Each structure stands twice: as C-alpha cells, then as structure tokens.
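Only one structure is covered here, and it is reproduced in the block below.
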Amino acid sequence: MNMQASARRIWKGVACGLVLAAAATAFGADVEGVIVKKDSGRLAGAIRYLASSKEYLVTSRGARDVTLRVPLDQVARVEVPPPPGLGEAARAVRGGQYGAAVPVLENIMKDYRMMQHDVTAAGYLAFAYMGMNQPEKALEMCRRVIEGNPDAAVSAEMAPIYWQALLKAGQDATLRKALDDAAARGDRATAARAQLMRGDLEAKNGRHKEALVDGYLRTALLFRDVKEVQPEALFKAAQSFDQLEQHPYAERMRKELLAKYPNDEYSRRLASGTPGG
C-alpha cells in the first residue's frame with residue numbers, strides 16, 4: 001500500500017512537471033522589461049502575455065516575488081530589449097538564407113508574443129516564407145499577429161509584407177481593404193507605401209492608367225517628403241507611362257530618378273536595363 005502511495009506521489013509530480021512545461025511552451029518565456037500603462041504608470045519585471053485572458057503577468061523579483069495582472073486594454077506599450085538572435089536572423093533573411101532564419105524567428109515570435117519584437121520577427125518570417133514561395137504561410141503568419149495586435153496591420157514592419165502576400169495570393173478584395181485601412185490609420189510613410197501597393201495591384205490586373213494615377217504618380221507627387229518611397233514611385237511611374245505610350249512623360253520620370261537618387265537600387269536597375277519592380 002505504501003509503495004502504491006509512493007508511486008502515485010511520484011507520478012503526480014511527473015505529471016505536474018509535464019503540465020508546467022506544456023504551459024511554459026504555450027505561453028512563451030518570461031522576458032524582463034517594462035509595461036507602460038495608459039495612465040502613465042510603469043511596471044518593471046518579468047513579463048509574460050496570456051492570450052487566453054488578454055492580459056500580461058508582471059513579476060517583480062525581490063525577497064518575495066510579486067506578480068500583477070495587467071489587462072491588455074490598460075497597456076500603452078511594452079518595452080523589452082531586442083531578443084538575442086533577431087539581428088542575425090534579419091540579416092540572414094535579407095541575404096536570402098531563409099532556412100537558417102526561420103526557426104530562430106519562430107522561437108522569437110513564441111517567446112515575445114505581444115511584446116514589441118514579435119511584429120518585427122513576424123515581418124521577417126513572412127518575408128522568408130515569401131522568398132521560399134510560400135505566400136499562404138506568410139499570410140497565416142501576418143494574420144496571427146494582426147488578430148492579436150490590429151495595429152500591426154499598419155506598422156512599417158508588418159504592413160508591406162502582408163500586402164505583398166495578399167497580392168501574390170490573389171486576394172485583391174482583402175488587399176484593397178487593407179490599403180484603405182493603412183491610408184486612414186497609418187503614418188505618412190505607411191500611407192505612401194499603401195499608394196505604391198495600390199499601383200502594383202492595378203498594374204497586376206492590367207489597369208495601367210489606374211496604376212499610374214491612383215498609385216505611382218500620386219505617390220511621386222503627393223509624398224515627395226517621404227524620400228524612401230520616391231525612387232520606386234518614379235521607376236514604376238515611368239513604366240506605366242511607357243505602357244500607356246506616353247514616352248516623353250516616362251523619360252521625365254527616369255531623368256528625375258537618376259538626377260535625385262543616382263545611388264538608389266532603382267537607378268541601378270534603370271542603368272542596367274533591369275525590368276520589373
């Protein structure tokens with residue numbers, strides 16, 4: 001009888017350990033950082049996000065650990081240091097080494113869920129999936145983040161790759177809605193990129209006049225202050241003018257691109273005769 005009781009106690013301990021391990025996997029890791037509340041209060045400690053209840057646990061270490069629950073709707077932002085390996089994984093993605101980056105980025109997304117850097121990791125992960133010709137996986141990744149954090153849909157890290165995945169997957173109606181949302185809620189740079197993508201969507205469907213007027217030319221003229229999008233806008237505006245057989249205007253766009261942005265990638269494409277965007 002004593003042996004049976006002992007065995008039961010041992011099994012209960014093993015089972016408890018397995019449950020805790022599973023919970024740790026489900027909820028991700030504790031990350032040291034600061035939660036800034038909407039009332040300007042600040043809570044520092046080990047942070048974990050609970051998706052089931054949409055709240056954060058913040059554990060302050062000391063003689064006695066104190067854990068507080070903070071509902072998501074009370075949080076202005078979460079400040080945590082960049083995850084180890086994120087920079088290396090990002091460089092791997094930019095270098096086309098997608099396979100090496102994917103597992104690192106997946107772990108970061110799990111451990112840093114709703115903690116600032118998950119959106120960055122998801123953006124690179126979606127970019128990697130697109131590079132591996134898996135737009136469905138890229139869309140799934142973006143939607144998973146946006147479902148929990150709607151602001152990610154108009155963030156610089158997530159929005160452009162989300163739109164690219166929608167475009168490649170042929171989900172035009174969803175893309176149009178996402179672009180309208182970005183124009184309404186995003187910052188000026190996001191709105192400019194949304195206009196560019198609107199041009200890409202129209203061009204993909206052979207509507208070159210709409211691509212020019214509603215997309216590329218609008219970006220080139222109305223978003224001159226957003227310098228990072230100007231070379232692409234000028235390059236693609238020139239292409240659209242050529243499609244419409246308005247070659248003098250196309251040449252004007254090319255001259256402006258070469259004069260203002262001689263060292264940009266799109267100027268190099270123009271000089272080398274490389275087509276496409």
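By order of appearance in the structure tokens: chains A, B, ..., then residues from 1 within every chain, and ligands from 1 in the order shown.
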
Next item on the list: Any chance you could list, as a PyMOL selection string, the residues in segment 105-161 of chain A that come up helix (DSSP H, G or I) when DSSP is run on the backbone?
Entry: chain A and resi 105-111+117-131+135-148+150-154+159-161

Next item on the list: Write out as a PyMOL selection string the residues lying within 7 Å of Val75 of chain A, counting only C-alpha atoms and excluding same-chain residues fewer than 2 positions away.
Entry: chain A and resi 35-38+72-73+77

Restrict the selected residues to all heavy atoms and save them as an mmCIF file, in the first residue's frame.
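Output file selection.cif is given in full below:
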```cif
data_model
loop_
_atom_site.group_PDB
_atom_site.id
_atom_site.type_symbol
_atom_site.label_atom_id
_atom_site.label_comp_id
_atom_site.auth_asym_id
_atom_site.auth_seq_id
_atom_site.Cartn_x
_atom_site.Cartn_y
_atom_site.Cartn_z
ATOM 1 N N ILE A 35 6.294 47.516 -18.567
ATOM 2 C CA ILE A 35 4.983 47.806 -19.145
ATOM 3 C C ILE A 35 4.628 49.244 -18.793
ATOM 4 O O ILE A 35 4.637 49.631 -17.620
ATOM 5 C CB ILE A 35 3.908 46.842 -18.619
ATOM 6 C CG1 ILE A 35 4.051 45.483 -19.304
ATOM 7 C CG2 ILE A 35 2.505 47.404 -18.862
ATOM 8 C CD1 ILE A 35 2.996 44.474 -18.929
ATOM 9 N N VAL A 36 4.354 50.036 -19.815
ATOM 10 C CA VAL A 36 3.902 51.411 -19.620
ATOM 11 C C VAL A 36 2.393 51.423 -19.803
ATOM 12 O O VAL A 36 1.885 51.105 -20.874
ATOM 13 C CB VAL A 36 4.578 52.374 -20.614
ATOM 14 C CG1 VAL A 36 4.095 53.800 -20.366
ATOM 15 C CG2 VAL A 36 6.087 52.288 -20.502
ATOM 16 N N LYS A 37 1.683 51.801 -18.742
ATOM 17 C CA LYS A 37 0.226 51.785 -18.776
ATOM 18 C C LYS A 37 -0.320 53.087 -19.372
ATOM 19 O O LYS A 37 0.380 54.096 -19.460
ATOM 20 C CB LYS A 37 -0.320 51.564 -17.356
ATOM 21 C CG LYS A 37 0.111 50.234 -16.741
ATOM 22 C CD LYS A 37 -0.352 50.119 -15.297
ATOM 23 C CE LYS A 37 -1.863 50.069 -15.211
ATOM 24 N NZ LYS A 37 -2.326 49.944 -13.808
ATOM 25 N N LYS A 38 -1.570 53.041 -19.773
ATOM 26 C CA LYS A 38 -2.203 54.218 -20.371
ATOM 27 C C LYS A 38 -2.350 55.353 -19.374
ATOM 28 O O LYS A 38 -2.465 56.513 -19.782
ATOM 29 C CB LYS A 38 -3.557 53.834 -20.959
ATOM 30 C CG LYS A 38 -3.443 52.937 -22.191
ATOM 31 C CD LYS A 38 -4.797 52.563 -22.744
ATOM 32 C CE LYS A 38 -4.638 51.686 -23.986
ATOM 33 N NZ LYS A 38 -5.942 51.237 -24.518
ATOM 34 N N LEU A 72 -4.821 43.878 -21.179
ATOM 35 C CA LEU A 72 -4.261 44.439 -22.412
ATOM 36 C C LEU A 72 -4.791 45.844 -22.689
ATOM 37 O O LEU A 72 -4.044 46.721 -23.142
ATOM 38 C CB LEU A 72 -4.590 43.518 -23.594
ATOM 39 C CG LEU A 72 -4.160 43.979 -24.984
ATOM 40 C CD1 LEU A 72 -2.651 44.146 -25.064
ATOM 41 C CD2 LEU A 72 -4.660 43.004 -26.049
ATOM 42 N N ASP A 73 -6.065 46.091 -22.404
ATOM 43 C CA ASP A 73 -6.634 47.399 -22.733
ATOM 44 C C ASP A 73 -6.136 48.515 -21.819
ATOM 45 O O ASP A 73 -6.470 49.683 -22.033
ATOM 46 C CB ASP A 73 -8.163 47.335 -22.741
ATOM 47 C CG ASP A 73 -8.764 46.942 -21.389
ATOM 48 O OD1 ASP A 73 -8.008 46.872 -20.390
ATOM 49 O OD2 ASP A 73 -9.982 46.707 -21.332
ATOM 50 N N ARG A 77 2.190 50.557 -23.985
ATOM 51 C CA ARG A 77 3.244 49.884 -24.746
ATOM 52 C C ARG A 77 4.053 48.979 -23.808
ATOM 53 O O ARG A 77 3.998 49.122 -22.589
ATOM 54 C CB ARG A 77 4.169 50.888 -25.431
ATOM 55 C CG ARG A 77 4.983 51.756 -24.493
ATOM 56 C CD ARG A 77 5.837 52.760 -25.262
ATOM 57 N NE ARG A 77 6.661 53.569 -24.380
ATOM 58 C CZ ARG A 77 6.243 54.661 -23.757
ATOM 59 N NH1 ARG A 77 4.991 55.071 -23.917
ATOM 60 N NH2 ARG A 77 7.056 55.344 -22.972
#
```

Could you give me, as a Markdown table, every segment 52-89 of chain A residue with an atom at most 9 Å from segment 93-108 of chain A, plus its closest atom pair and distance in Å to one decimal, counting only C-alpha atoms, rows ordered by chain then number?
```
| residue | atom | partner | partner_atom | distance |
| --- | --- | --- | --- | --- |
| A:Pro83 | CA | A:Ile108 | CA | 6.9 |
| A:Pro84 | CA | A:Ile108 | CA | 8.6 |
| A:Gly85 | CA | A:Val104 | CA | 7.0 |
| A:Leu86 | CA | A:Leu105 | CA | 7.0 |
| A:Glu88 | CA | A:Ala101 | CA | 8.1 |
| A:Ala89 | CA | A:Ala101 | CA | 4.7 |
```

Notebook entry, point to check: Nearest to Val213 of chain A: which of A:Leu244, A:Val34, A:Met130, A:Val226 is it, counting only C-alpha atoms?
Noted result: A:Leu244

Check: Could you work out how far atom CA of Ala152 of chain A lies from atom CA of Gly131 of chain A, giving the answer in Å with one decimal?
Finding: 20.9 Å
